[in-house]
$ cat start.txt   # compact mmCIF, C-alpha atoms
# COMPACT_ATOMS: atom_id res chain seq x y z
CA MET A 28 47.11 -11.19 26.19
CA MET A 29 45.24 -14.03 24.49
CA ARG A 30 42.31 -13.62 26.88
CA LYS A 31 41.95 -9.93 26.09
CA LEU A 32 42.10 -10.58 22.34
CA SER A 33 39.45 -13.29 22.54
CA PHE A 34 37.16 -10.99 24.52
CA LEU A 35 37.54 -8.20 21.97
CA ILE A 36 36.73 -10.54 19.08
CA LEU A 37 33.65 -11.90 20.89
CA TYR A 38 32.50 -8.38 21.75
CA SER A 39 32.84 -7.32 18.10
CA ILE A 40 30.75 -10.26 16.90
CA ILE A 41 27.96 -9.48 19.39
CA SER A 42 27.97 -5.83 18.39
CA LEU A 43 27.72 -6.63 14.69
CA SER A 44 24.84 -9.04 15.14
CA SER A 45 22.82 -6.54 17.21
CA PHE A 46 22.74 -4.08 14.29
CA SER A 47 21.33 -6.47 11.66
CA GLN A 48 18.34 -5.12 9.75
CA ILE A 49 15.97 -5.98 6.94
CA LEU A 50 17.30 -4.68 3.62
CA HIS A 51 14.35 -5.91 1.47
CA ASN A 52 16.65 -7.92 -0.81
CA GLU A 53 16.44 -11.10 1.25
CA TRP A 54 14.10 -12.69 -1.30
CA ILE A 55 16.70 -12.70 -4.10
CA ASP A 56 18.19 -16.04 -5.12
CA TYR A 57 21.47 -15.04 -6.75
CA SER A 58 21.67 -18.32 -8.66
CA LYS A 59 18.64 -17.26 -10.72
CA THR A 60 18.11 -14.73 -13.52
CA TYR A 61 15.34 -12.20 -12.92
CA TYR A 62 13.52 -10.45 -15.77
CA LYS A 63 12.40 -7.03 -14.60
CA PHE A 64 9.40 -5.17 -15.99
CA LYS A 65 7.37 -2.21 -14.76
CA LEU A 66 3.71 -1.31 -14.28
CA PHE A 67 2.81 2.35 -14.13
CA GLY A 68 -0.98 2.45 -14.06
CA PHE A 69 -4.33 1.32 -15.38
CA GLY A 70 -5.71 4.74 -16.29
CA ASN A 71 -7.48 7.25 -14.04
CA ASP A 72 -10.91 7.30 -12.46
CA GLY A 73 -13.52 10.04 -12.86
CA VAL A 74 -11.68 12.51 -10.62
CA GLY A 75 -8.21 11.94 -12.03
CA VAL A 76 -6.98 9.51 -9.37
CA PRO A 77 -4.96 6.53 -10.68
CA ILE A 78 -6.75 3.18 -10.85
CA PRO A 79 -4.43 1.09 -8.69
CA LYS A 80 -5.15 -2.47 -9.81
CA GLY A 81 -5.87 -4.44 -12.96
CA MET A 82 -5.28 -7.66 -14.84
CA VAL A 83 -1.91 -7.93 -16.61
CA ARG A 84 -1.08 -10.36 -19.41
CA ILE A 85 2.41 -11.39 -20.49
CA PRO A 86 2.03 -12.84 -24.01
CA TYR A 87 4.13 -15.62 -25.44
CA ALA A 88 5.88 -13.15 -27.77
CA SER A 89 7.30 -11.23 -24.79
CA LEU A 90 8.48 -14.43 -23.15
CA ALA A 91 10.10 -15.56 -26.40
CA SER A 92 11.91 -12.26 -26.83
CA ALA A 93 13.44 -12.78 -23.38
CA GLY A 94 14.61 -16.29 -24.32
CA LEU A 95 11.92 -18.04 -22.24
CA SER A 96 9.93 -19.70 -25.03
CA ALA A 97 10.96 -23.22 -24.00
CA THR A 98 10.36 -22.73 -20.26
CA PRO A 99 7.66 -25.08 -18.90
CA ALA A 100 4.65 -23.15 -17.61
CA GLU A 101 4.87 -24.67 -14.13
CA HIS A 102 8.36 -23.21 -13.60
CA PHE A 103 7.49 -19.53 -13.94
CA GLN A 104 7.65 -17.53 -10.74
CA LEU A 105 6.74 -13.85 -10.15
CA TRP A 106 7.94 -11.45 -7.45
CA ARG A 107 7.08 -7.96 -6.29
CA ASP A 108 8.25 -6.11 -3.14
CA GLY A 109 9.90 -9.26 -1.84
CA GLU A 110 6.78 -11.44 -2.08
CA GLN A 111 5.97 -14.18 -4.55
CA LEU A 112 2.70 -13.52 -6.40
CA PRO A 113 0.31 -16.15 -7.79
CA VAL A 114 -0.02 -16.21 -11.58
CA PHE A 115 -2.33 -17.90 -14.07
CA THR A 116 -0.79 -19.76 -17.00
CA SER A 117 -2.98 -20.58 -20.00
CA VAL A 118 -1.59 -24.13 -19.86
CA ALA A 119 -0.90 -25.75 -16.52
CA SER A 120 2.37 -27.42 -17.52
CA GLY A 121 4.73 -27.90 -20.40
CA ALA A 122 6.01 -25.45 -22.98
CA LEU A 123 3.82 -22.54 -24.05
CA SER A 124 2.69 -22.10 -27.64
CA ALA A 125 2.32 -18.88 -29.61
CA SER A 126 -1.26 -18.36 -28.32
CA ASP A 127 -0.40 -18.91 -24.63
CA TYR A 128 0.25 -16.37 -21.91
CA ILE A 129 0.79 -15.61 -18.23
CA GLU A 130 -1.73 -13.45 -16.33
CA PHE A 131 -1.75 -11.93 -12.84
CA TRP A 132 -3.40 -9.18 -10.82
CA GLY A 133 -1.10 -6.17 -11.04
CA GLU A 134 -0.94 -3.11 -8.82
CA ILE A 135 0.83 0.23 -9.06
CA ASN A 136 3.38 1.16 -6.43
CA THR A 137 1.95 1.91 -2.98
CA GLY A 138 3.24 3.79 0.04
CA LYS A 139 3.77 0.70 2.20
CA LEU A 140 7.56 0.87 1.87
CA ASP A 141 7.49 4.67 2.33
CA LYS A 142 6.55 4.04 5.98
CA GLU A 143 10.20 3.34 6.80
CA LEU A 144 11.22 6.82 5.57
CA TYR A 145 9.12 8.62 8.20
CA ARG A 146 10.69 9.86 11.42
CA ASP A 147 7.90 7.94 13.14
CA SER A 148 5.99 5.34 11.12
CA ASP A 149 2.72 6.52 12.74
CA PHE A 150 3.17 9.91 11.01
CA GLN A 151 2.07 8.33 7.71
CA LEU A 152 -1.65 9.02 7.27
CA CYS A 153 -2.24 6.80 4.22
CA ASP A 154 -0.17 4.07 2.53
CA LYS A 155 -2.27 3.85 -0.65
CA TRP A 156 -0.04 6.24 -2.62
CA SER A 157 3.74 6.34 -2.81
CA LEU A 158 5.52 9.66 -2.51
CA GLN A 159 8.26 8.26 -4.77
CA THR A 160 6.53 6.93 -7.89
CA ASP A 161 3.42 5.11 -9.08
CA THR A 162 5.60 2.74 -11.11
CA ALA A 163 5.97 -0.74 -9.61
CA ALA A 164 8.74 -3.18 -10.49
CA TYR A 165 7.98 -6.87 -11.04
CA PHE A 166 10.48 -9.70 -11.48
CA LEU A 167 9.80 -12.88 -13.46
CA THR A 168 12.13 -15.82 -12.93
CA VAL A 169 12.32 -19.59 -13.44
CA ASN A 170 12.14 -21.86 -10.40
CA THR A 171 12.42 -25.62 -10.90
CA THR A 172 13.05 -26.74 -7.31
CA SER A 173 9.65 -26.17 -5.65
CA ALA A 174 5.99 -25.52 -6.43
CA ASN A 175 5.20 -21.97 -7.55
CA LYS A 176 2.09 -19.99 -6.62
CA ARG A 177 -0.77 -20.28 -9.09
CA LEU A 178 -4.24 -18.95 -9.83
CA THR A 179 -6.44 -21.74 -11.16
CA ALA A 180 -9.75 -21.70 -13.02
CA ALA A 181 -12.59 -23.43 -11.18
CA ALA A 182 -16.26 -23.94 -11.96
CA ASN A 183 -18.61 -22.04 -9.63
CA ASN A 184 -21.34 -24.65 -9.66
CA VAL A 185 -23.29 -25.16 -6.44
CA ASP A 186 -26.13 -27.27 -7.88
CA GLY A 187 -26.81 -30.31 -5.74
CA THR A 188 -24.79 -29.05 -2.78
CA THR A 189 -25.94 -28.30 0.75
CA LEU A 190 -24.08 -25.00 1.03
CA THR A 191 -25.74 -22.50 3.36
CA PRO A 192 -25.60 -18.90 2.08
CA LEU A 193 -24.01 -16.36 4.38
CA SER A 194 -26.33 -13.69 5.70
CA PHE A 195 -23.71 -10.96 5.28
CA PHE A 196 -20.07 -10.20 4.55
CA LYS A 197 -17.86 -7.25 5.48
CA HIS A 198 -16.59 -4.91 2.79
CA THR A 199 -14.38 -1.82 2.95
CA VAL A 200 -15.03 1.31 0.91
CA GLY A 201 -12.85 4.37 1.15
CA ARG A 202 -11.70 7.67 -0.26
CA TYR A 203 -7.95 7.89 -0.59
CA PHE A 204 -7.47 11.49 -1.62
CA ARG A 205 -4.87 12.72 -4.04
CA GLN A 206 -5.97 16.30 -4.63
CA GLY A 207 -2.92 17.88 -3.04
CA LEU A 208 0.40 17.16 -1.38
CA ASN A 209 0.89 18.12 2.24
CA ASN A 210 4.53 18.91 3.04
CA GLY A 211 4.18 17.86 6.67
CA PHE A 212 5.41 19.40 9.88
CA SER A 213 7.66 22.45 9.55
CA ALA A 214 9.57 24.93 11.68
CA ALA A 215 8.79 28.58 11.00
CA ALA A 216 11.79 30.80 10.26
CA ALA A 217 12.23 33.23 7.38
CA GLU A 218 10.43 30.45 5.49
CA ASN A 219 9.03 27.06 6.44
CA LEU A 220 11.81 24.55 7.15
CA TYR A 221 11.06 20.85 6.63
CA SER A 222 12.86 17.75 7.83
CA SER A 223 14.72 15.64 5.25
CA SER A 224 12.84 12.65 6.69
CA TYR A 225 9.15 12.28 6.02
CA ASP A 226 7.36 14.02 8.85
CA ARG A 227 3.99 14.23 10.55
CA GLY A 228 1.11 14.20 8.06
CA GLU A 229 3.33 14.36 4.97
CA GLY A 230 1.65 12.85 1.93
CA TYR A 231 -1.28 13.12 -0.45
CA VAL A 232 -4.41 14.76 0.97
CA SER A 233 -7.83 16.14 0.02
CA ARG A 234 -8.50 19.77 -0.75
CA ARG A 235 -8.42 22.17 2.19
CA ILE A 236 -11.34 21.98 4.59
CA ARG A 237 -12.55 25.19 6.23
CA PRO A 238 -15.59 26.15 8.32
CA ASN A 239 -18.82 26.84 6.46
CA ASN A 240 -19.30 30.55 5.73
CA ASN A 241 -15.59 31.18 6.27
CA THR A 242 -13.99 34.44 5.14
CA CYS A 243 -11.10 32.78 3.28
CA GLY A 244 -12.91 31.42 0.25
CA GLY A 245 -15.18 28.67 -0.97
CA GLU A 246 -13.37 25.65 0.52
CA ALA A 247 -15.70 24.56 3.30
CA GLN A 248 -16.94 21.30 4.79
CA LEU A 249 -15.96 18.21 2.79
CA VAL A 250 -18.88 15.92 1.92
CA GLU A 251 -18.29 12.37 0.69
CA SER A 252 -21.04 9.99 -0.40
CA PHE A 253 -20.92 6.18 -0.53
CA ASN A 254 -23.82 4.58 -2.37
CA GLY A 255 -25.07 1.02 -2.77
CA LEU A 256 -23.73 -0.24 0.56
CA TYR A 257 -26.73 -2.53 1.29
CA PRO A 258 -26.28 -2.59 5.08
CA TYR A 259 -27.25 -5.72 7.01
CA LEU A 260 -28.60 -4.53 10.34
CA GLY A 261 -28.19 -7.91 11.99
CA GLY A 262 -24.45 -7.98 11.44
CA PRO A 263 -21.57 -6.51 13.47
CA ALA A 264 -21.04 -2.79 13.86
CA MET A 265 -19.70 -0.67 11.04
CA ARG A 266 -16.25 0.82 11.63
CA ILE A 267 -15.28 4.27 10.42
CA ASN A 268 -11.69 5.51 10.10
CA ILE A 269 -10.72 9.09 9.26
CA ASN A 270 -7.19 10.53 9.23
CA ALA A 271 -6.72 14.30 9.20
CA VAL A 272 -3.88 16.80 9.51
CA GLY A 273 -3.58 20.57 9.85
CA ASN A 274 -1.58 22.52 7.27
CA GLN A 275 -1.55 25.97 8.88
CA VAL A 276 -0.43 27.22 12.29
CA ASN A 277 -4.00 27.74 13.52
CA SER A 278 -6.04 26.40 16.39
CA ARG A 279 -9.01 24.35 15.14
CA SER A 280 -11.67 21.89 16.14
CA VAL A 281 -12.86 19.18 13.76
CA LYS A 282 -16.38 17.76 13.58
CA ILE A 283 -17.21 14.46 11.90
CA LEU A 284 -20.78 13.83 10.79
CA LEU A 285 -22.51 10.77 9.37
CA ASN A 286 -25.84 11.48 7.68
CA ASN A 287 -25.85 14.84 9.49
CA ASP A 288 -25.47 13.13 12.89
CA SER A 289 -22.43 14.32 14.83
CA LEU A 290 -20.07 11.44 15.58
CA SER A 291 -17.14 13.25 17.12
CA VAL A 292 -15.63 16.66 17.79
CA PHE A 293 -11.91 16.82 18.53
CA GLN A 294 -9.18 19.40 18.77
CA MET A 295 -6.44 19.31 16.10
CA ASP A 296 -4.34 22.46 16.42
CA TYR A 297 -1.49 23.75 14.28
CA LEU A 298 0.34 21.16 12.13
CA PHE A 299 -0.66 18.12 14.15
CA ASP A 300 -2.67 15.14 12.94
CA TYR A 301 -5.47 13.00 14.30
CA LYS A 302 -6.57 9.45 13.56
CA TYR A 303 -10.21 8.83 14.35
CA GLU A 304 -11.63 5.32 14.59
CA GLU A 305 -14.99 4.18 15.96
CA ASP A 306 -17.46 1.30 15.73
CA LEU A 307 -20.97 2.53 14.99
$ encode --input "start.txt" --output "structure tokens"
Amino acid sequence: MMRKLSFLILYSIISLSSFSQILHNEWIDYSKTYYKFKLFGFGNDGVGVPIPKGMVRIPYASLASAGLSATPAEHFQLWRDGEQLPVFTSVASGALSASDYIEFWGEINTGKLDKELYRDSDFQLCDKWSLQTDTAAYFLTVNTTSANKRLTAAANNVDGTTLTPLSFFKHTVGRYFRQGLNNGFSAAAAENLYSSSYDRGEGYVSRRIRPNNNTCGGEAQLVESFNGLYPYLGGPAMRININAVGNQVNSRSVKILLNNDSLSVFQMDYLFDYKYEEDL
């Protein structure tokens, strides 16, 4: 009887350990107090899309109101989405005065954590925008036991050095559309039925794209311009990425052009998606 009981206990332990998962609260130190605040945007650009990033300043008055006026600058620590972020403090160490502050690069909420809500993570076409909210939560705390991440001011003076300038660098430009919301894959019944999980192609998208001279209306080929790229022809190839999805039960072919040169033609029927990537 003792042998059977021991086996059952061991079996239960193995079963429990095999179902462990990341809960995204592993970063929390429950011996600390966290001061939560929210960022919800830095205005909109010329086409009404939120500006995702900007500099954020926490003034001394806000710290004092939270009871942190006597906290040495080197002990402040900032968290977002389970990661510690580097901050700049107007004084490197010691208590802050009334004119001091903490600064950091802030960002609105993204769709990176939304990926786990999709039936298949590859169904997410873009992780720039969250389907939940643009508001991001940040957590300020006090950590005295280890060094905290910092941004530091440094002089950019290269006089008298032997630094060799780089001939080129790689930069990414993109259009992350937010003109409409695609509901994703559906089953046709008396009305379209959608899964409670995020499905194929669900998320923010551009306006509809139709053939030129179509009979449905003015929405035709979508043209996007990127200016001031200053290409360096001696460098590596440029890479282009385009994600697309159908939103009607139609058969269709999609053509991608660069400067009126055809790059690719592919079939993307019904409510399916396609991720195109190529070095040029």
$ closest_residue --input "start.txt" --among "A:Ser224, A:Ser194, A:Thr188, A:Asn241" --to "Asp141 of chain A" --atoms "all atoms listed in the file"
A:Ser224
$ atom_distance --input "start.txt" --atom1 "atom CA of Gln275 of chain A" --atom2 "atom CA of Tyr303 of chain A"
20.0 Å
$ residues_around --input "start.txt" --residues "Asn286 of chain A" --least-positions-apart "5" --cutoff "12 Å" --atoms "all atoms listed in the file" --output "PyMOL selection string"
chain A and resi 250-253
$ residues_near_point --input "start.txt" --point "(-7.8, 11.1, -2.3)" --cutoff "8 Å" --atoms "all atoms listed in the file" --output "VMD selection string"
chain A and resid 76 202 to 206 231 to 233
$ write_last_selection --input "start.txt" --atoms "C-alpha atoms" --output "CSV table (one decimal), in the frame of the given file"
chain,number,residue,atom,x,y,z
A,76,VAL,CA,-7.0,9.5,-9.4
A,202,ARG,CA,-11.7,7.7,-0.3
A,203,TYR,CA,-8.0,7.9,-0.6
A,204,PHE,CA,-7.5,11.5,-1.6
A,205,ARG,CA,-4.9,12.7,-4.0
A,206,GLN,CA,-6.0,16.3,-4.6
A,231,TYR,CA,-1.3,13.1,-0.4
A,232,VAL,CA,-4.4,14.8,1.0
A,233,SER,CA,-7.8,16.1,0.0
$ closest_atom_pairs --input "start.txt" --of "segment 175-201 of chain A" --to "segment 94-114 of chain A" --cutoff "9 Å" --atoms "only C-alpha atoms" --output "CSV"
residue,atom,partner,partner_atom,distance
A:Asn175,CA,A:Gln104,CA,6.0
A:Lys176,CA,A:Pro113,CA,4.4
A:Arg177,CA,A:Pro113,CA,4.5
A:Leu178,CA,A:Val114,CA,5.3
A:Thr179,CA,A:Val114,CA,8.5
$ write_last_selection --input "start.txt" --atoms "C-alpha atoms" --output "compact mmCIF listing (two decimals), in the coordinates of the input"
# COMPACT_ATOMS: atom_id res chain seq x y z
CA ASN A 175 5.20 -21.97 -7.55
CA LYS A 176 2.09 -19.99 -6.62
CA ARG A 177 -0.77 -20.28 -9.09
CA LEU A 178 -4.24 -18.95 -9.83
CA THR A 179 -6.44 -21.74 -11.16
$ closest_atom_pairs --input "start.txt" --of "segment 159-195 of chain A" --to "segment 121-139 of chain A" --cutoff "7 Å" --atoms "only C-alpha atoms" --output "Markdown table"
| residue | atom | partner | partner_atom | distance |
| --- | --- | --- | --- | --- |
| A:Thr160 | CA | A:Asn136 | CA | 6.7 |
| A:Asp161 | CA | A:Asn136 | CA | 4.8 |
| A:Thr162 | CA | A:Asn136 | CA | 5.4 |
| A:Ala163 | CA | A:Asn136 | CA | 4.5 |
$ atom_distance --input "start.txt" --atom1 "atom CA of Asn209 of chain A" --atom2 "atom CA of Gly70 of chain A"
23.8 Å
$ closest_residue --input "start.txt" --among "A:Phe196, A:Tyr145, A:Tyr221, A:Phe150" --to "Met265 of chain A" --atoms "all atoms listed in the file"
A:Phe196
$ residues_near_point --input "start.txt" --point "(-19.5, 15.4, 11.7)" --cutoff "12 Å" --atoms "all atoms listed in the file" --output "ChimeraX atom specification"
/A:238,248-251,267,269,280-293,303
$ atom_distance --input "start.txt" --atom1 "atom CA of Met295 of chain A" --atom2 "atom CA of Gly273 of chain A"
7.0 Å
$ closest_residue --input "start.txt" --among "A:Asn210, A:Ser117, A:Gln159, A:Thr199" --to "Ala180 of chain A" --atoms "all atoms listed in the file"
A:Ser117
$ residues_around --input "start.txt" --residues "Glu229 of chain A" --least-positions-apart "5" --cutoff "12 Å" --atoms "all atoms listed in the file" --output "JSON, numbers by chain"
{"A": [138, 141, 142, 144, 145, 146, 147, 148, 149, 150, 151, 152, 153, 154, 156, 157, 158, 207, 208, 209, 210, 211, 212, 213, 221, 222, 223, 224, 270, 271, 272, 273, 274, 298, 299, 300]}
$ residues_around --input "start.txt" --residues "Gly68 of chain A" --least-positions-apart "3" --cutoff "7 Å" --atoms "all atoms listed in the file" --output "ChimeraX atom specification"
/A:77-79,135
$ closest_residue --input "start.txt" --among "A:Ser278, A:Phe166, A:Asp306, A:Ile85" --to "Trp54 of chain A" --atoms "only C-alpha atoms"
A:Phe166
$ closest_residue --input "start.txt" --among "A:Arg279, A:Glu305, A:Ala93, A:Thr242" --to "Tyr62 of chain A" --atoms "only C-alpha atoms"
A:Ala93
